[in-house]
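A.B. asks: Pasting my_file38.txt here (compact mmCIF, C-alpha atoms):
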# COMPACT_ATOMS: atom_id res chain seq x y z
CA MET A 1 171.34 168.27 33.61
CA SER A 2 172.01 171.84 32.52
CA GLY A 3 168.97 174.08 32.12
CA TYR A 4 166.49 172.19 34.29
CA SER A 5 166.37 170.61 37.72
CA LYS A 6 165.90 166.95 38.55
CA LEU A 7 162.55 167.83 40.13
CA GLU A 8 161.43 169.41 36.84
CA MET A 9 162.69 166.36 34.94
CA MET A 10 160.74 164.03 37.21
CA ALA A 11 157.51 166.03 36.97
CA ILE A 12 157.65 166.38 33.19
CA THR A 13 158.71 162.77 32.58
CA ALA A 14 155.92 161.45 34.82
CA GLY A 15 153.42 163.75 33.13
CA ARG A 16 154.28 162.19 29.78
CA LEU A 17 152.95 158.87 31.10
CA ILE A 18 149.43 160.32 31.39
CA ASN A 19 147.14 159.85 28.38
CA ASP A 20 144.38 162.13 27.20
CA GLY A 21 141.19 161.05 28.96
CA ASP A 22 142.90 159.51 31.99
CA VAL A 23 141.40 160.20 35.41
CA VAL A 24 144.34 161.08 37.64
CA PHE A 25 144.38 160.58 41.42
CA ALA A 26 146.94 163.12 42.59
CA GLY A 27 148.48 163.93 45.89
CA THR A 28 150.31 167.18 46.42
CA GLY A 29 153.93 168.03 45.72
CA ILE A 30 155.51 166.58 42.61
CA SER A 31 152.46 164.51 41.67
CA ILE A 32 150.30 167.58 41.15
CA LEU A 33 153.04 169.11 38.98
CA ALA A 34 153.07 165.97 36.83
CA ALA A 35 149.28 165.77 36.54
CA THR A 36 148.93 169.47 35.70
CA VAL A 37 151.73 169.60 33.14
CA ALA A 38 150.10 166.65 31.36
CA LYS A 39 146.69 168.35 31.36
CA ARG A 40 148.08 171.68 30.12
CA ILE A 41 150.19 170.23 27.29
CA HIS A 42 149.08 166.90 25.83
CA ALA A 43 146.18 165.50 27.89
CA ALA A 44 143.61 168.30 27.91
CA ASN A 45 140.77 165.84 28.50
CA SER A 46 142.35 164.23 31.53
CA VAL A 47 140.67 164.84 34.89
CA VAL A 48 142.63 165.47 38.09
CA PHE A 49 141.03 164.70 41.44
CA PHE A 50 141.99 164.46 45.11
CA GLU A 51 141.06 162.00 47.84
CA THR A 52 139.43 164.79 49.86
CA GLY A 53 136.81 165.18 47.13
CA GLY A 54 137.90 167.96 44.80
CA ILE A 55 137.19 166.64 41.29
CA ASP A 56 138.56 168.45 38.25
CA PRO A 57 139.60 171.72 39.99
CA SER A 58 140.99 174.60 37.95
CA LEU A 59 144.38 174.43 39.71
CA ASP A 60 145.04 178.10 39.04
CA GLU A 61 147.05 177.96 42.26
CA LEU A 62 148.70 174.77 43.41
CA PRO A 63 147.41 173.23 46.65
CA LEU A 64 150.03 172.51 49.29
CA ALA A 65 148.11 169.58 50.82
CA VAL A 66 145.11 167.44 49.92
CA ALA A 67 143.11 169.31 52.57
CA ASP A 68 144.06 172.71 51.11
CA PRO A 69 140.84 174.49 49.96
CA ARG A 70 142.54 175.08 46.59
CA VAL A 71 141.87 171.43 45.68
CA MET A 72 138.20 172.47 45.37
CA ALA A 73 138.60 175.86 43.68
CA GLY A 74 136.83 175.85 40.32
CA ALA A 75 136.10 172.14 40.61
CA SER A 76 133.50 170.36 38.50
CA MET A 77 132.30 168.76 41.72
CA ASN A 78 133.17 169.07 45.39
CA SER A 79 132.42 165.77 47.10
CA GLY A 80 134.04 163.68 49.82
CA LEU A 81 136.23 160.71 50.55
CA ILE A 82 133.65 158.05 49.66
CA GLU A 83 132.90 159.62 46.28
CA SER A 84 136.59 160.06 45.57
CA PHE A 85 137.43 156.40 46.13
CA SER A 86 134.33 155.31 44.24
CA LEU A 87 135.65 157.28 41.28
CA LEU A 88 139.11 155.74 41.73
CA SER A 89 137.70 152.22 41.50
CA ASN A 90 135.24 152.88 38.66
CA LYS A 91 135.84 150.06 36.18
CA ARG A 92 134.66 152.14 33.22
CA LEU A 93 137.43 154.70 33.71
CA ARG A 94 141.20 154.52 33.27
CA THR A 95 142.22 155.82 36.67
CA ILE A 96 145.91 156.46 37.31
CA ALA A 97 147.23 157.17 40.81
CA PHE A 98 150.46 158.93 41.76
CA LEU A 99 152.03 157.51 44.93
CA GLY A 100 155.19 157.86 46.97
CA ALA A 101 156.84 155.63 49.57
CA ALA A 102 159.85 155.13 51.83
CA GLN A 103 160.76 151.75 50.35
CA ILE A 104 160.00 149.76 47.21
CA ASP A 105 160.92 146.20 46.22
CA ARG A 106 161.57 144.62 42.81
CA PHE A 107 157.83 143.97 42.28
CA GLY A 108 156.70 147.51 43.10
CA ASN A 109 155.32 146.70 46.55
CA LEU A 110 155.52 149.77 48.80
CA ASN A 111 156.34 150.60 52.40
CA SER A 112 155.16 153.95 53.75
CA THR A 113 154.67 152.79 57.36
CA CYS A 114 157.97 152.31 59.18
CA LEU A 115 161.64 151.34 59.03
CA GLY A 116 162.71 148.50 61.28
CA ASP A 117 160.43 146.35 63.40
CA TYR A 118 156.82 147.57 63.36
CA HIS A 119 156.50 147.46 67.16
CA HIS A 120 159.88 149.10 67.78
CA PRO A 121 160.58 151.07 64.60
CA LYS A 122 163.68 153.09 63.84
CA THR A 123 161.45 155.54 61.98
CA ARG A 124 157.67 155.80 61.87
CA PHE A 125 156.04 157.29 58.76
CA PRO A 126 152.45 158.54 58.25
CA GLY A 127 151.35 155.16 56.92
CA SER A 128 149.05 154.30 54.05
CA GLY A 129 146.57 157.16 54.00
CA GLY A 130 144.80 156.40 50.75
CA ALA A 131 147.83 154.75 49.14
CA CYS A 132 146.83 151.14 49.77
CA ASP A 133 143.34 151.85 48.40
CA ALA A 134 144.81 153.52 45.32
CA ALA A 135 147.31 150.71 44.72
CA SER A 136 144.49 148.18 45.08
CA LEU A 137 141.71 149.88 43.12
CA ALA A 138 143.16 152.11 40.39
CA SER A 139 143.73 151.00 36.80
CA GLY A 140 147.42 151.59 37.45
CA PHE A 141 149.78 153.65 39.56
CA ILE A 142 153.01 155.58 39.14
CA ILE A 143 155.48 155.85 42.02
CA PHE A 144 157.83 158.73 42.83
CA MET A 145 161.04 157.77 44.64
CA GLU A 146 164.51 159.07 45.42
CA HIS A 147 166.84 156.54 43.81
CA GLU A 148 168.90 155.11 46.67
CA LYS A 149 169.82 151.58 47.75
CA ARG A 150 168.16 152.10 51.10
CA ARG A 151 164.86 152.79 49.30
CA PHE A 152 165.09 150.17 46.53
CA VAL A 153 165.32 147.09 48.73
CA GLU A 154 165.21 143.32 48.37
CA LYS A 155 162.69 143.01 51.22
CA LEU A 156 160.41 145.68 52.65
CA ASP A 157 160.52 146.42 56.36
CA TYR A 158 156.72 146.67 56.24
CA PHE A 159 154.25 145.89 53.46
CA THR A 160 151.90 148.88 53.12
CA SER A 161 150.60 148.86 49.53
CA PRO A 162 150.45 146.06 46.95
CA GLY A 163 152.40 146.15 43.72
CA TRP A 164 152.88 142.99 41.68
CA LEU A 165 153.14 141.01 44.96
CA CYS A 166 155.47 138.07 44.14
CA GLY A 167 155.50 138.66 40.38
CA ASN A 168 154.00 136.74 37.46
CA ASP A 169 150.22 136.40 38.01
CA SER A 170 150.33 136.54 41.83
CA ARG A 171 148.48 139.89 41.95
CA GLU A 172 145.51 138.55 40.00
CA LYS A 173 145.48 135.31 42.01
CA ALA A 174 145.27 137.39 45.19
CA GLY A 175 142.07 139.01 43.92
CA PHE A 176 143.36 142.23 42.38
CA PHE A 177 141.67 141.98 39.00
CA ARG A 178 143.10 145.17 37.56
CA GLY A 179 145.83 147.68 38.22
CA GLY A 180 149.39 147.36 39.43
CA PRO A 181 152.45 149.61 39.24
CA MET A 182 153.13 151.05 35.79
CA ALA A 183 156.38 152.90 36.39
CA VAL A 184 158.71 154.26 39.05
CA VAL A 185 159.91 157.81 38.39
CA THR A 186 163.09 158.73 40.25
CA ASN A 187 165.72 161.46 40.24
CA LEU A 188 167.87 159.22 37.99
CA ALA A 189 165.58 157.22 35.76
CA ILE A 190 162.25 155.65 34.92
CA MET A 191 161.80 152.05 35.94
CA ALA A 192 159.19 149.78 34.40
CA PHE A 193 158.08 146.18 35.00
CA HIS A 194 158.64 143.13 32.82
CA PRO A 195 155.27 142.19 31.26
CA GLU A 196 155.52 138.53 32.37
CA THR A 197 157.76 138.25 35.43
CA LYS A 198 156.79 141.73 36.75
CA HIS A 199 160.40 142.27 37.84
CA MET A 200 161.47 145.90 37.83
CA VAL A 201 163.60 146.86 34.82
CA LEU A 202 165.33 150.03 33.70
CA SER A 203 163.20 151.73 31.04
CA GLN A 204 164.85 155.16 30.69
CA HIS A 205 167.89 156.83 32.19
CA TYR A 206 168.07 160.62 32.29
CA PRO A 207 170.60 162.58 30.24
CA GLY A 208 173.91 162.55 32.11
CA VAL A 209 172.99 159.41 34.06
CA SER A 210 174.37 156.03 32.97
CA PRO A 211 172.52 152.71 33.34
CA GLU A 212 175.38 151.54 35.55
CA GLU A 213 174.78 154.47 37.92
CA VAL A 214 171.13 153.48 38.20
CA ALA A 215 172.09 149.87 38.94
CA ALA A 216 174.63 150.98 41.56
CA ASN A 217 171.87 152.84 43.43
CA THR A 218 169.41 149.94 43.37
CA GLY A 219 169.40 147.35 46.15
CA PHE A 220 168.52 144.43 43.87
CA GLU A 221 169.48 143.25 40.41
CA ILE A 222 167.76 144.97 37.49
CA ASP A 223 167.75 144.36 33.75
CA LEU A 224 169.48 147.22 31.89
CA SER A 225 169.34 145.69 28.41
CA ASN A 226 166.41 147.61 26.94
CA ALA A 227 167.02 151.01 28.51
CA ALA A 228 166.99 154.19 26.44
CA GLN A 229 167.95 157.75 27.30
CA SER A 230 165.03 159.97 28.27
CA VAL A 231 164.10 162.89 26.06
CA PRO A 232 165.01 166.11 27.90
CA PRO A 233 162.23 168.57 28.78
CA THR A 234 161.19 170.78 25.88
CA ASP A 235 161.07 174.56 26.08
CA LEU A 236 157.26 174.35 26.03
CA GLU A 237 157.18 171.88 28.93
CA LEU A 238 159.55 173.97 31.04
CA LYS A 239 157.79 177.24 30.25
CA THR A 240 154.40 175.73 31.10
CA LEU A 241 155.70 174.25 34.34
CA ARG A 242 157.54 177.36 35.50
CA GLU A 243 155.30 180.16 34.29
CA GLN A 244 151.78 178.71 34.27
CA ILE A 245 151.69 175.86 36.78
CA ASP A 246 154.02 176.97 39.58
CA PRO A 247 155.04 180.60 38.98
CA GLN A 248 155.23 181.19 42.74
CA LYS A 249 157.59 178.21 43.09
CA LEU A 250 155.46 176.70 45.82
CA ILE A 251 156.78 173.26 44.90
CA LEU A 252 159.58 173.90 42.43
CA SER A 253 161.57 175.76 45.06
Can you turn what I pasted into structure tokens?

C.D. replies:
Amino acid sequence: MSGYSKLEMMAITAGRLINDGDVVFAGTGISILAATVAKRIHAANSVVFFETGGIDPSLDELPLAVADPRVMAGASMNSGLIESFSLLSNKRLRTIAFLGAAQIDRFGNLNSTCLGDYHHPKTRFPGSGGACDAASLASGFIIFMEHEKRRFVEKLDYFTSPGWLCGNDSREKAGFFRGGPMAVVTNLAIMAFHPETKHMVLSQHYPGVSPEEVAANTGFEIDLSNAAQSVPPTDLELKTLREQIDPQKLILS
């Protein structure tokens, strides 16, 4: 991956999944890079907002946490948690959430709570925060993951946030009348979900990464048959990311 880092590839590739006019629920870190690169290049009419209530901030400087005052600098509106989640669930808007997790299964269900038994965990994580709400209420969500077998698992140690549940129409039957995981963006590839079974499939593999390498780092069987190689970042995308969005390398470092 000469000329760009895997972090840059992930941010730019995820940003390409955002459409003009989308309302993007962003956390901090790589998700804000993805949301901002989309807004600066091809989705000028998208709106970025944070669960703490900053809606459509200028993002002249990247916030380092959702409680960073920079999430409200130059915002169209500074509100609060209730307003933020009301916006997330607004059925008239196409709201896209960026999420992360410790584990993911073949249907895009997420664990961000613990590893091992809940009452006697090997590792305890921060938990849902707003992730379960976002996975339940948004029009769709995109997940960032490191691509490792220990993260892509057959069975979650704890079920924190709903993806496609058991596949097929199980999400709708459970009362989730919209939404679901759209893609998983990793350091190796982009995973998507079969439109009927909702099983995870390989959509794109990055330059220099083979489909077999992706499969070898996934803890369950995936379909490789329709995978294509991702388009590398363009000079414009890299220049925008490095010089306009994160010139101080607050996240890119």

A.B. asks: Quick one: of A:Gln248, A:Thr186, A:Asn90, A:Gln229, who's nearest to Ser139 in chain A, counting all atoms listed in the file?

C.D. replies: A:Asn90

A.B. asks: Which polymer residues have any atom within 12 Å of an atom of range 209-225 of chain A, counting all atoms listed in the file, with same-chain residues fewer than 2 positions away left out, as a VMD selection string?

C.D. replies: chain A and resid 1 6 103 to 107 145 to 156 186 to 194 197 to 207 227 to 230

A.B. asks: Just the number, please: distance in Å from CA of Gly208 in chain A to CA of Leu7 in chain A, one decimal.

C.D. replies: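 Computing it gives 14.9 Å between the two atoms.
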
A.B. asks: Which residue out of A:His42, A:Arg178, A:Lys173, A:His120 has the minimum interatomic distance to Ala134 in chain A when all atoms listed in the file are used?

C.D. replies: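 Under the stated criterion, the closest residue is A:Arg178.
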
A.B. asks: Using only C-alpha atoms, find the one residue out of A:Ala35, A:Ile143, A:Leu17, A:Leu64 that sits nearest to Ala102 in chain A.

C.D. replies: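 When distances to Ala102 in chain A are compared using only C-alpha atoms, the smallest one comes from A:Ile143.
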
A.B. asks: Against range 25-29 of chain A, which residues of range 40-84 of chain A fall within 6 Å? For each one I want the closest pair of atoms and the distance in Å (one decimal), counting all atoms listed in the file, rows by chain and increasing residue number, as JSON lines.

C.D. replies:
{"residue": "A:Phe49", "atom": "CA", "partner": "A:Phe25", "partner_atom": "CA", "distance": 5.3}
{"residue": "A:Phe50", "atom": "CA", "partner": "A:Ala26", "partner_atom": "CA", "distance": 5.7}
{"residue": "A:Ala65", "atom": "CA", "partner": "A:Thr28", "partner_atom": "CA", "distance": 5.5}

A.B. asks: Output C-alpha atoms of each residue in that selection to a file, as a PDB file, in the coordinates of the input.

C.D. replies:
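New file out.pdb:
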ATOM      1  CA  PHE A  49     141.030 164.700  41.440  1.00  0.00           C
ATOM      2  CA  PHE A  50     141.990 164.460  45.110  1.00  0.00           C
ATOM      3  CA  ALA A  65     148.110 169.580  50.820  1.00  0.00           C
TER       4      ALA A  65
END

A.B. asks: To box range 111-129 of chain A, take all atoms listed in the file, fit an axis-aligned box, add 6 Å on each side, and give centre and edge lengths in Å to one decimal, as lines of an AutoDock Vina configuration file.

C.D. replies:
center_x = 155.1
center_y = 152.4
center_z = 60.1
size_x = 29.1
size_y = 24.2
size_z = 27.4

A.B. asks: If I take CA of Gly163 in chain A and CA of Gly175 in chain A, how far is one from the other in Å, to one decimal?

C.D. replies: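 Atom-to-atom, CA of Gly163 in chain A to CA of Gly175 in chain A, that is 12.6 Å.
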
A.B. asks: Which of these, A:Gly21, A:Gly116, A:Pro181, A:Pro195, has the shortest distance to Tyr158 in chain A once you count all atoms listed in the file?

C.D. replies: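 Among the listed residues, A:Gly116 lies closest to Tyr158 in chain A.
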
A.B. asks: Need the shell around Phe176 in chain A: protein/DNA/RNA residues with any atom at most 12 Å away, counting all atoms listed in the file. Skip same-chain ones fewer than 2 positions apart. Format as a list in words?

C.D. replies: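 So, after excluding close chain neighbours, the residues are Ser89, Asp133, Ala134, Ala135, Ser136, Leu137, Ala138, Ser139, Gly140, Pro162, Gly163, Trp164, Leu165, Asp169, Ser170, Arg171, Glu172, Lys173, Ala174, Arg178, Gly179 and Gly180 of chain A.
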
A.B. asks: Tell me, in Å to one decimal, how far CA of Leu81 in chain A is from CA of Gln244 in chain A.

C.D. replies: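 Straight-line distance from CA of Leu81 in chain A to CA of Gln244 in chain A works out to 28.8 Å.
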
A.B. asks: Since the input is missing atoms, can you rebuild N, CA and C atoms for range 82-100 of chain A and write them as a PDB file, in the coordinates of the input?

C.D. replies:
ATOM      1  N   ILE A  82     134.331 159.215  50.228  1.00  0.00           N
ATOM      2  CA  ILE A  82     133.650 158.050  49.660  1.00  0.00           C
ATOM      3  C   ILE A  82     133.503 158.200  48.151  1.00  0.00           C
ATOM      4  N   GLU A  83     133.074 159.378  47.718  1.00  0.00           N
ATOM      5  CA  GLU A  83     132.900 159.620  46.280  1.00  0.00           C
ATOM      6  C   GLU A  83     134.231 159.539  45.547  1.00  0.00           C
ATOM      7  N   SER A  84     135.269 160.066  46.197  1.00  0.00           N
ATOM      8  CA  SER A  84     136.590 160.060  45.570  1.00  0.00           C
ATOM      9  C   SER A  84     137.084 158.643  45.322  1.00  0.00           C
ATOM     10  N   PHE A  85     136.962 157.774  46.312  1.00  0.00           N
ATOM     11  CA  PHE A  85     137.430 156.400  46.130  1.00  0.00           C
ATOM     12  C   PHE A  85     136.491 155.578  45.259  1.00  0.00           C
ATOM     13  N   SER A  86     135.235 155.954  45.190  1.00  0.00           N
ATOM     14  CA  SER A  86     134.330 155.310  44.240  1.00  0.00           C
ATOM     15  C   SER A  86     134.743 155.632  42.813  1.00  0.00           C
ATOM     16  N   LEU A  87     135.160 156.881  42.602  1.00  0.00           N
ATOM     17  CA  LEU A  87     135.650 157.280  41.280  1.00  0.00           C
ATOM     18  C   LEU A  87     136.946 156.532  40.952  1.00  0.00           C
ATOM     19  N   LEU A  88     137.831 156.419  41.925  1.00  0.00           N
ATOM     20  CA  LEU A  88     139.110 155.740  41.730  1.00  0.00           C
ATOM     21  C   LEU A  88     138.922 154.305  41.265  1.00  0.00           C
ATOM     22  N   SER A  89     137.908 153.645  41.795  1.00  0.00           N
ATOM     23  CA  SER A  89     137.700 152.220  41.500  1.00  0.00           C
ATOM     24  C   SER A  89     136.727 151.978  40.358  1.00  0.00           C
ATOM     25  N   ASN A  90     136.229 153.036  39.721  1.00  0.00           N
ATOM     26  CA  ASN A  90     135.240 152.880  38.660  1.00  0.00           C
ATOM     27  C   ASN A  90     135.826 152.098  37.482  1.00  0.00           C
ATOM     28  N   LYS A  91     135.251 150.945  37.184  1.00  0.00           N
ATOM     29  CA  LYS A  91     135.840 150.060  36.180  1.00  0.00           C
ATOM     30  C   LYS A  91     135.675 150.568  34.750  1.00  0.00           C
ATOM     31  N   ARG A  92     134.850 151.586  34.558  1.00  0.00           N
ATOM     32  CA  ARG A  92     134.660 152.140  33.220  1.00  0.00           C
ATOM     33  C   ARG A  92     135.684 153.233  32.895  1.00  0.00           C
ATOM     34  N   LEU A  93     136.469 153.617  33.887  1.00  0.00           N
ATOM     35  CA  LEU A  93     137.430 154.700  33.710  1.00  0.00           C
ATOM     36  C   LEU A  93     138.858 154.165  33.794  1.00  0.00           C
ATOM     37  N   ARG A  94     139.780 154.833  33.112  1.00  0.00           N
ATOM     38  CA  ARG A  94     141.200 154.520  33.270  1.00  0.00           C
ATOM     39  C   ARG A  94     141.741 155.476  34.330  1.00  0.00           C
ATOM     40  N   THR A  95     141.794 154.990  35.547  1.00  0.00           N
ATOM     41  CA  THR A  95     142.220 155.820  36.670  1.00  0.00           C
ATOM     42  C   THR A  95     143.679 155.526  36.992  1.00  0.00           C
ATOM     43  N   ILE A  96     144.477 156.577  37.047  1.00  0.00           N
ATOM     44  CA  ILE A  96     145.910 156.460  37.310  1.00  0.00           C
ATOM     45  C   ILE A  96     146.220 157.217  38.598  1.00  0.00           C
ATOM     46  N   ALA A  97     146.883 156.553  39.531  1.00  0.00           N
ATOM     47  CA  ALA A  97     147.230 157.170  40.810  1.00  0.00           C
ATOM     48  C   ALA A  97     148.722 157.472  40.861  1.00  0.00           C
ATOM     49  N   PHE A  98     149.075 158.600  41.449  1.00  0.00           N
ATOM     50  CA  PHE A  98     150.460 158.930  41.760  1.00  0.00           C
ATOM     51  C   PHE A  98     150.692 158.652  43.240  1.00  0.00           C
ATOM     52  N   LEU A  99     151.740 157.882  43.551  1.00  0.00           N
ATOM     53  CA  LEU A  99     152.030 157.510  44.930  1.00  0.00           C
ATOM     54  C   LEU A  99     153.513 157.730  45.244  1.00  0.00           C
ATOM     55  N   GLY A 100     153.816 157.817  46.519  1.00  0.00           N
ATOM     56  CA  GLY A 100     155.190 157.860  46.970  1.00  0.00           C
ATOM     57  C   GLY A 100     155.364 156.850  48.099  1.00  0.00           C
TER      58      GLY A 100
END
